[in-house]
file coords-v1.txt (compact mmCIF, C-alpha atoms)
# COMPACT_ATOMS: atom_id res chain seq x y z
CA MET A 276 2.22 -29.88 -24.40
CA SER A 277 2.35 -26.72 -26.44
CA VAL A 278 5.18 -24.26 -26.17
CA VAL A 279 2.70 -21.57 -25.11
CA THR A 280 1.35 -23.50 -22.11
CA LEU A 281 4.90 -24.41 -21.07
CA ALA A 282 5.98 -20.77 -21.35
CA LEU A 283 2.93 -19.61 -19.36
CA ARG A 284 3.64 -22.10 -16.58
CA LEU A 285 7.36 -21.44 -16.38
CA GLY A 286 6.84 -17.68 -16.64
CA LEU A 287 4.42 -17.71 -13.70
CA ALA A 288 6.78 -19.96 -11.73
CA LEU A 289 9.71 -17.61 -12.37
CA LEU A 290 7.61 -14.60 -11.38
CA PHE A 291 6.73 -16.20 -8.04
CA VAL A 292 10.27 -17.31 -7.25
CA TRP A 293 11.50 -13.80 -8.08
CA ALA A 294 8.76 -12.09 -6.03
CA GLY A 295 9.45 -14.35 -3.04
CA ALA A 296 13.23 -13.86 -3.23
CA ALA A 297 12.84 -10.07 -3.52
CA LYS A 298 10.76 -10.01 -0.32
CA LEU A 299 13.36 -12.05 1.55
CA VAL A 300 15.93 -9.27 1.14
CA ASP A 301 14.33 -7.04 3.79
CA PRO A 302 11.70 -8.87 5.88
CA VAL A 303 11.24 -5.95 8.29
CA ALA A 304 10.42 -3.55 5.44
CA PHE A 305 8.03 -6.15 4.02
CA SER A 306 6.38 -6.48 7.43
CA GLU A 307 5.85 -2.71 7.51
CA GLU A 308 4.37 -2.76 4.04
CA ILE A 309 1.89 -5.48 5.01
CA ALA A 310 0.95 -3.56 8.18
CA ASN A 311 0.37 -0.42 6.12
CA TYR A 312 -2.44 -2.14 4.23
CA ARG A 313 -4.41 -1.87 7.50
CA LEU A 314 -6.11 -5.20 6.93
CA ALA A 315 -4.32 -7.56 9.29
CA ALA A 316 -1.63 -5.52 10.98
CA ALA A 317 -1.28 -8.00 13.87
CA LEU A 318 -0.48 -10.76 11.39
CA ALA A 319 2.11 -8.69 9.49
CA PRO A 320 5.22 -10.26 11.13
CA LEU A 321 3.90 -13.79 10.57
CA LEU A 322 2.94 -13.04 6.96
CA ALA A 323 6.27 -11.32 6.30
CA ALA A 324 8.10 -14.40 7.56
CA THR A 325 6.07 -16.95 5.63
CA LEU A 326 4.71 -15.36 2.42
CA PRO A 327 8.07 -15.16 0.62
CA SER A 328 8.85 -18.84 1.24
CA ILE A 329 5.31 -19.88 0.26
CA GLU A 330 5.78 -18.02 -3.03
CA ILE A 331 9.16 -19.62 -3.66
CA VAL A 332 7.92 -23.12 -2.81
CA ALA A 333 4.88 -22.64 -5.06
CA GLY A 334 7.05 -21.30 -7.88
CA LEU A 335 9.54 -24.16 -7.68
CA ALA A 336 6.77 -26.80 -7.55
CA LEU A 337 5.05 -25.17 -10.50
CA ALA A 338 8.27 -25.31 -12.52
CA PHE A 339 9.78 -28.63 -11.51
CA GLY A 340 7.08 -30.68 -9.76
CA PRO A 341 5.36 -33.79 -11.14
CA PRO A 342 1.97 -33.10 -12.81
CA ARG A 343 -0.22 -33.39 -9.68
CA TRP A 344 2.11 -31.17 -7.69
CA ARG A 345 2.20 -28.66 -10.54
CA ALA A 346 -1.59 -28.44 -10.46
CA GLY A 347 -1.51 -28.04 -6.66
CA ALA A 348 1.08 -25.28 -7.03
CA ALA A 349 -1.03 -23.55 -9.69
CA LEU A 350 -4.02 -23.63 -7.34
CA LEU A 351 -1.92 -22.17 -4.52
CA VAL A 352 -0.58 -19.45 -6.83
CA LEU A 353 -4.11 -18.59 -7.93
CA ALA A 354 -5.33 -18.41 -4.32
CA LEU A 355 -2.41 -16.15 -3.37
CA LEU A 356 -3.01 -13.85 -6.33
CA ILE A 357 -6.72 -13.54 -5.54
CA THR A 358 -5.79 -12.61 -1.96
CA PHE A 359 -3.22 -10.05 -3.16
CA THR A 360 -5.76 -8.56 -5.58
CA ILE A 361 -8.31 -8.14 -2.79
CA ALA A 362 -5.67 -6.47 -0.60
CA VAL A 363 -4.46 -3.98 -3.24
CA SER A 364 -8.05 -3.26 -4.33
CA ALA A 365 -9.02 -2.51 -0.72
CA ALA A 366 -6.03 -0.17 -0.34
CA TRP A 367 -6.81 1.54 -3.64
CA LEU A 368 -10.51 1.97 -2.86
CA ARG A 369 -9.72 3.36 0.59
CA ARG A 370 -7.16 5.68 -1.03
CA ILE A 371 -4.35 4.52 1.21
CA ASP A 372 -1.10 5.44 -0.51
CA VAL A 373 0.70 2.28 0.52
CA HIS A 374 3.69 0.75 -1.21
CA CYS A 375 2.59 -2.41 -2.98
CA GLY A 376 5.30 -4.63 -1.50
CA CYS A 377 4.59 -7.02 -4.39
CA PHE A 378 8.20 -7.43 -5.42
CA GLY A 379 10.07 -6.31 -2.35
CA LYS A 380 11.27 -2.71 -2.26
CA GLY A 381 10.52 -0.45 -5.20
CA GLY A 382 7.14 -1.98 -5.91
CA GLY A 383 5.63 1.49 -6.20
CA PHE A 384 2.44 2.84 -4.72
CA VAL A 385 -0.81 0.92 -5.11
CA ASP A 386 -3.03 2.48 -7.78
CA GLY A 387 -5.52 1.43 -10.41
CA LEU A 388 -2.76 -0.02 -12.56
CA THR A 389 -1.65 -2.27 -9.69
CA VAL A 390 -5.18 -3.64 -9.44
CA LEU A 391 -5.34 -4.19 -13.21
CA ARG A 392 -1.96 -5.92 -13.18
CA ASP A 393 -3.09 -8.22 -10.37
CA LEU A 394 -6.30 -9.04 -12.21
CA ALA A 395 -4.22 -9.95 -15.27
CA LEU A 396 -2.04 -12.18 -13.07
CA VAL A 397 -5.17 -13.87 -11.67
CA ALA A 398 -6.31 -14.61 -15.24
CA TRP A 399 -2.83 -15.93 -16.07
CA ALA A 400 -2.80 -18.21 -13.02
CA ALA A 401 -6.33 -19.46 -13.77
CA LEU A 402 -5.21 -20.40 -17.27
CA VAL A 403 -2.17 -22.22 -15.93
CA LEU A 404 -4.32 -24.06 -13.36
CA ARG A 405 -6.71 -25.14 -16.08
CA THR A 406 -3.95 -26.52 -18.29
CA THR A 407 -2.04 -28.21 -15.47
CA ALA A 408 -5.19 -29.72 -13.90
CA ALA A 409 -6.23 -31.14 -17.28
CA ARG A 410 -3.06 -33.23 -17.32
CA VAL A 411 -3.59 -34.80 -13.89
CA VAL B 127 -15.96 -39.94 -8.49
CA HIS B 128 -12.72 -39.79 -10.40
CA ALA B 129 -13.08 -36.03 -10.95
CA VAL B 130 -13.78 -35.41 -7.26
CA HIS B 131 -10.78 -37.50 -6.27
CA ARG B 132 -8.63 -35.63 -8.80
CA HIS B 133 -9.74 -32.21 -7.54
CA ALA B 134 -9.29 -33.27 -3.93
CA SER B 135 -5.74 -34.43 -4.63
CA ILE B 136 -4.93 -31.06 -6.20
CA VAL B 137 -6.33 -29.19 -3.19
CA VAL B 138 -4.42 -31.44 -0.77
CA ARG B 139 -1.20 -30.78 -2.67
CA ALA B 140 -1.83 -27.04 -2.67
CA LEU B 141 -2.33 -27.15 1.10
CA ALA B 142 0.79 -29.28 1.52
CA LEU B 143 2.86 -26.79 -0.50
CA CYS B 144 1.43 -23.92 1.55
CA ALA B 145 2.28 -25.71 4.79
CA THR B 146 5.80 -26.40 3.51
CA GLY B 147 6.24 -22.72 2.66
CA ILE B 148 5.01 -21.68 6.11
CA ALA B 149 7.35 -24.14 7.83
CA VAL B 150 10.34 -23.08 5.74
CA GLY B 151 9.55 -19.40 6.35
CA LEU B 152 9.18 -19.78 10.11
CA ILE B 153 12.34 -21.87 10.44
CA GLY B 154 14.27 -19.47 8.21
CA SER B 155 13.06 -16.44 10.14
CA LEU B 156 13.88 -18.00 13.50
CA ALA B 157 17.32 -19.03 12.25
CA ARG B 158 18.10 -15.62 10.79
CA THR B 159 16.76 -13.23 13.39
CA GLY B 160 15.53 -15.40 16.26
CA GLY B 161 11.96 -14.24 15.74
CA LEU B 162 9.44 -12.76 13.36
CA PRO B 163 10.26 -9.63 11.33
CA ARG B 164 8.42 -6.95 13.27
CA ALA B 165 7.97 -3.41 11.99
CA HIS B 166 9.85 -0.81 14.00
CA PRO B 167 7.57 0.83 16.56
CA GLY B 168 5.81 3.83 15.08
CA GLN B 169 7.03 3.15 11.56
CA ALA B 170 4.02 1.36 10.21
CA ALA B 171 1.16 3.61 9.23
CA CYS B 172 -1.23 1.58 11.38
CA GLU B 173 0.64 2.55 14.49
CA ALA B 174 0.28 6.23 13.76
CA PRO B 175 -2.92 8.06 14.66
CA ALA B 176 -5.63 7.12 12.20
CA ILE B 177 -6.04 10.54 10.64
CA GLU B 178 -6.64 10.41 6.93
CA PRO B 179 -6.70 13.79 5.19
CA ALA B 180 -9.64 14.17 2.85
CA LEU B 181 -8.96 14.37 -0.88
CA LEU B 182 -10.46 17.27 -2.79
CA SER B 183 -10.94 17.74 -6.51
CA PRO B 184 -9.50 20.99 -7.91
CA ALA B 185 -12.97 22.52 -8.18
CA ALA B 186 -13.85 21.61 -4.58
CA ALA B 187 -10.44 22.80 -3.42
CA ALA B 188 -10.91 26.16 -5.16
CA ARG B 189 -14.21 26.60 -3.29
CA ILE B 190 -12.88 25.85 0.17
CA CYS B 191 -9.78 27.97 -0.41
CA ALA B 192 -12.03 31.02 -0.38
CA THR B 193 -12.41 30.41 3.37
CA ALA B 194 -10.79 33.20 5.39
CA GLY B 195 -7.39 32.16 6.69
CA ALA B 196 -7.17 29.05 4.52
CA LEU B 197 -3.62 28.08 3.64
CA ILE B 198 -2.55 26.46 0.39
CA ALA B 199 0.73 24.60 0.77
CA ASP B 200 2.93 23.46 -2.12
CA ALA B 201 4.79 20.28 -1.16
CA ARG B 202 6.83 20.05 -4.38
CA GLY B 203 10.50 20.88 -4.84
CA ASP B 204 11.95 24.39 -5.14
CA ALA B 205 12.23 24.26 -8.94
CA ASP B 206 8.64 23.09 -9.42
CA PHE B 207 7.37 25.82 -7.13
CA ALA B 208 9.38 28.48 -8.95
CA ALA B 209 8.12 27.27 -12.33
CA GLY B 210 4.50 27.71 -11.31
CA HIS B 211 2.23 27.26 -8.34
CA ILE B 212 -1.30 27.87 -7.18
CA ALA B 213 -1.91 31.56 -6.67
CA GLY B 214 -1.28 32.46 -3.06
CA ALA B 215 0.31 29.13 -2.18
CA VAL B 216 3.20 28.96 0.25
CA HIS B 217 6.10 26.64 -0.29
CA LEU B 218 6.27 23.99 2.39
CA PRO B 219 9.78 22.65 2.77
CA CYS B 220 9.71 18.95 3.47
CA ALA B 221 11.80 15.84 2.95
CA ALA B 222 10.42 12.35 2.44
CA GLY B 223 6.94 13.51 3.31
CA GLU B 224 7.99 15.04 6.63
CA VAL B 225 7.22 18.70 7.13
CA ALA B 226 9.94 20.74 8.83
CA GLY B 227 9.10 21.36 12.48
CA GLY B 228 9.34 25.17 12.12
CA ALA B 229 6.78 25.18 9.33
CA LEU B 230 4.23 23.38 11.48
CA ALA B 231 3.97 26.36 13.81
CA HIS B 232 2.72 28.46 10.89
CA LEU B 233 -0.04 25.96 10.19
CA ALA B 234 -1.39 25.39 13.69
CA ASP B 235 -3.60 28.50 13.86
CA ARG B 236 -5.14 28.12 10.40
CA PRO B 237 -8.72 26.89 10.05
CA LEU B 238 -7.80 24.70 7.09
CA VAL B 239 -4.77 23.70 5.07
CA LEU B 240 -4.84 22.40 1.51
CA VAL B 241 -1.70 20.52 0.48
CA TYR B 242 -0.84 19.79 -3.12
CA GLY B 243 2.10 18.07 -4.74
CA ARG B 244 3.14 16.71 -8.11
CA ASP B 245 0.52 14.00 -7.70
CA THR B 246 -2.02 12.75 -5.19
CA ALA B 247 0.37 10.45 -3.33
CA ASP B 248 2.85 13.27 -2.85
CA ALA B 249 0.24 15.54 -1.32
CA LEU B 250 -1.22 12.79 0.88
CA LEU B 251 2.17 11.99 2.42
CA VAL B 252 2.69 15.60 3.47
CA ALA B 253 -0.95 16.19 4.44
CA ARG B 254 -0.85 13.09 6.64
CA SER B 255 2.37 14.26 8.24
CA ILE B 256 0.75 17.60 9.08
CA ALA B 257 -2.49 16.05 10.35
CA GLN B 258 -0.67 13.62 12.61
CA ARG B 259 1.70 16.15 14.13
CA LEU B 260 -0.77 18.91 14.90
CA PRO B 261 -3.24 18.66 17.78
CA ALA B 262 -6.47 16.99 16.72
CA ALA B 263 -8.54 19.44 18.73
CA GLY B 264 -8.28 23.03 17.58
CA GLY B 265 -5.84 22.25 14.76
CA PRO B 266 -6.54 22.96 11.11
CA LYS B 267 -8.62 20.69 8.93
CA VAL B 268 -6.13 19.24 6.47
CA TYR B 269 -6.97 18.42 2.86
CA ALA B 270 -4.95 17.01 -0.02
CA LEU B 271 -5.51 17.98 -3.64
CA ASP B 272 -6.50 15.05 -5.83
CA GLY B 273 -4.46 14.82 -9.03
CA GLY B 274 -1.62 17.14 -8.07
CA PHE B 275 -0.72 20.50 -9.53
CA SER B 276 -1.29 19.31 -13.10
CA ALA B 277 -4.98 18.62 -12.30
CA TRP B 278 -5.30 22.15 -10.93
CA GLU B 279 -3.70 23.56 -14.09
CA SER B 280 -5.88 21.40 -16.33
CA ALA B 281 -8.97 22.71 -14.55
CA GLY B 282 -7.94 26.22 -15.62
CA LEU B 283 -7.74 27.53 -12.08
CA ALA B 284 -5.50 30.39 -11.04
CA CYS B 285 -1.74 29.81 -11.10
CA ALA B 286 1.27 31.95 -10.40
CA SER B 287 4.97 31.63 -11.14
CA GLY B 288 8.14 33.17 -9.85
CA PRO B 289 11.08 32.55 -7.55
CA CYS B 290 10.54 30.63 -4.37
CA GLU B 291 11.13 33.10 -1.57
CA GLY B 292 12.47 31.42 1.49
CA CYS B 293 13.18 28.10 -0.25
CA GLY B 294 15.91 26.18 1.52
CA ALA B 295 15.69 28.38 4.58
CA GLY B 296 13.81 25.74 6.57
CA ALA B 297 10.69 27.85 6.79
CA MET B 298 7.77 28.56 4.56
CA SER B 299 8.02 31.25 1.96
CA PRO B 300 6.26 34.44 3.03
CA ALA B 301 3.90 34.39 0.09
CA PRO B 302 0.42 35.80 0.73
CA VAL B 303 -2.19 33.31 1.80
CA SER B 304 -5.43 35.05 0.90
CA ARG B 305 -7.14 34.31 -2.38

call {"tool": "encode", "arguments": {"input": "coords-v1.txt", "output": "C-alpha cells"}}
result
Amino acid sequence: MSVVTLALRLGLALLFVWAGAAKLVDPVAFSEEIANYRLAAALAPLLAATLPSIEIVAGLALAFGPPRWRAGAALLVLALLITFTIAVSAAWLRRIDVHCGCFGKGGGFVDGLTVLRDLALVAWAALVLRTTAARV
Amino acid sequence: VHAVHRHASIVVRALALCATGIAVGLIGSLARTGGLPRAHPGQAACEAPAIEPALLSPAAAARICATAGALIADARGDADFAAGHIAGAVHLPCAAGEVAGGALAHLADRPLVLVYGRDTADALLVARSIAQRLPAAGGPKVYALDGGFSAWESAGLACASGPCEGCGAGAMSPAPVSR
C-alpha cells in the first residue's frame, strides 16, 4: 500500500468525521439549512438527525475498518458526496443563496466554488473506492 | 462470479454502514432532545412565501431604473454608501438582511425597487426581505443587482459619492430617486 493511497483514504475519513461532528453541534440549525435547499424540506429533521452520524460512521469505517468494510465505507462516502453535489448544484443553478451546511455553521453560501469543491471531493472518493475495492 | 460477489459484498457493507449511521443518529437525537431537530417555525426559507426576487445584470438594471418612480436601494453599510453608490440610490438601513420596518413604508408605493449590495447574496437577502414583507398585490416589483456594486462600477455606469444622509436614523436617506 503506497503512502499516497493511505493518505488519501485517511484524509477522506478525517474529513467525513470532522464534517459529521461539526453538524452535530447544532442540529436545529442544520435542519434549517437542509430545509433551505428546497429539495426535501419535509425530510429535513430526519436528515439532520441522521446525516451527521452516517458521515461519522462512514469516516470511522474508512479509517479503521477491515478491507471489505473500508470499501463499503468508500462506496457510501462516494454516494453521499454525489448526493451533496446534486443538492448544491441545484441550489446554485436556482440561485438560492443558501448556506452550504457542509461543515456545520460557517460553511458559507453555495456558489460555483462549492460545486467545484464537491466535484473534486467526488473524484477523491472515487479514487479511494477504486483503491480500496481493489484490495478486497 | 467472484467479481459480482465481491461487488455485492461491498454494496451490502455500504448499506449496513448507512443503516448503522441512521440508527445511531435517531437514537442519539431521541436521547438528546426527545425528537427530531425541527427548524423553528418560519425560520426556514421554505416556510416563507415563495417570492424570489429576479436578478438583473448591471446593464439590464440601468434600463429598468429609467422607469418613472423606480427606487434604487443600497443595502451596504454606511461607510460603503458614503464612499460611493449608484447615482440616485437611497441608503436602506438593514441588519442581517432585514429591512427596518419604517423603511418599508417608503417602498410600498413604488412600481419597482432595485436592491444592490456588496455582492449578489447581500442584495438577494434584502430584496427577499422586502418582497416577502410587502403585499404581493399592488406592491413593487423587487429586483436584485447581480454582482453587487463592483459589477455596476465595472460596467462604467453612473456612480455618486458623498456622506450618507440619514444613516443610522432608522429611515432611508432622503436622496433623490429619479435618474

call {"tool": "residues_around", "arguments": {"input": "coords-v1.txt", "residues": "Thr246 (chain B)", "least_positions_apart": "3", "cutoff": "10 Å", "atoms": "all atoms listed in the file", "output": "list of chain:residue names"}}
result
A:Arg370, A:Asp372, B:Leu181, B:Leu182, B:Val241, B:Tyr242, B:Gly243, B:Ala249, B:Leu250, B:Leu251, B:Ala270, B:Leu271, B:Asp272, B:Gly273, B:Gly274, B:Phe275, B:Ala277

call {"tool": "atom_distance", "arguments": {"input": "coords-v1.txt", "atom1": "CA of Ala362 (chain A)", "atom2": "CA of Asp301 (chain A)"}}
result
20.5 Å

call {"tool": "atom_distance", "arguments": {"input": "coords-v1.txt", "atom1": "CA of Ala234 (chain B)", "atom2": "CA of Ile198 (chain B)"}}
result
13.4 Å

call {"tool": "residues_around", "arguments": {"input": "coords-v1.txt", "residues": "region 403-410 of chain A", "least_positions_apart": "4", "cutoff": "7 Å", "atoms": "only C-alpha atoms", "output": "list in words"}}
result
Leu283, Arg284, Pro342, Arg345, Ala346, Ala349, Leu350 and Trp399 of chain A

call {"tool": "atom_distance", "arguments": {"input": "coords-v1.txt", "atom1": "CA of Val279 (chain A)", "atom2": "CA of His133 (chain B)"}}
result
24.0 Å

call {"tool": "residues_around", "arguments": {"input": "coords-v1.txt", "residues": "region 316-329 of chain A", "least_positions_apart": "2", "cutoff": "7 Å", "atoms": "all atoms listed in the file", "output": "NGL selection string"}}
result
(:A and (295-296 or 298-299 or 302 or 305-306 or 309-310 or 313-314 or 331-333)) or (:B and (144 or 147-148 or 150-152 or 155 or 162-164))
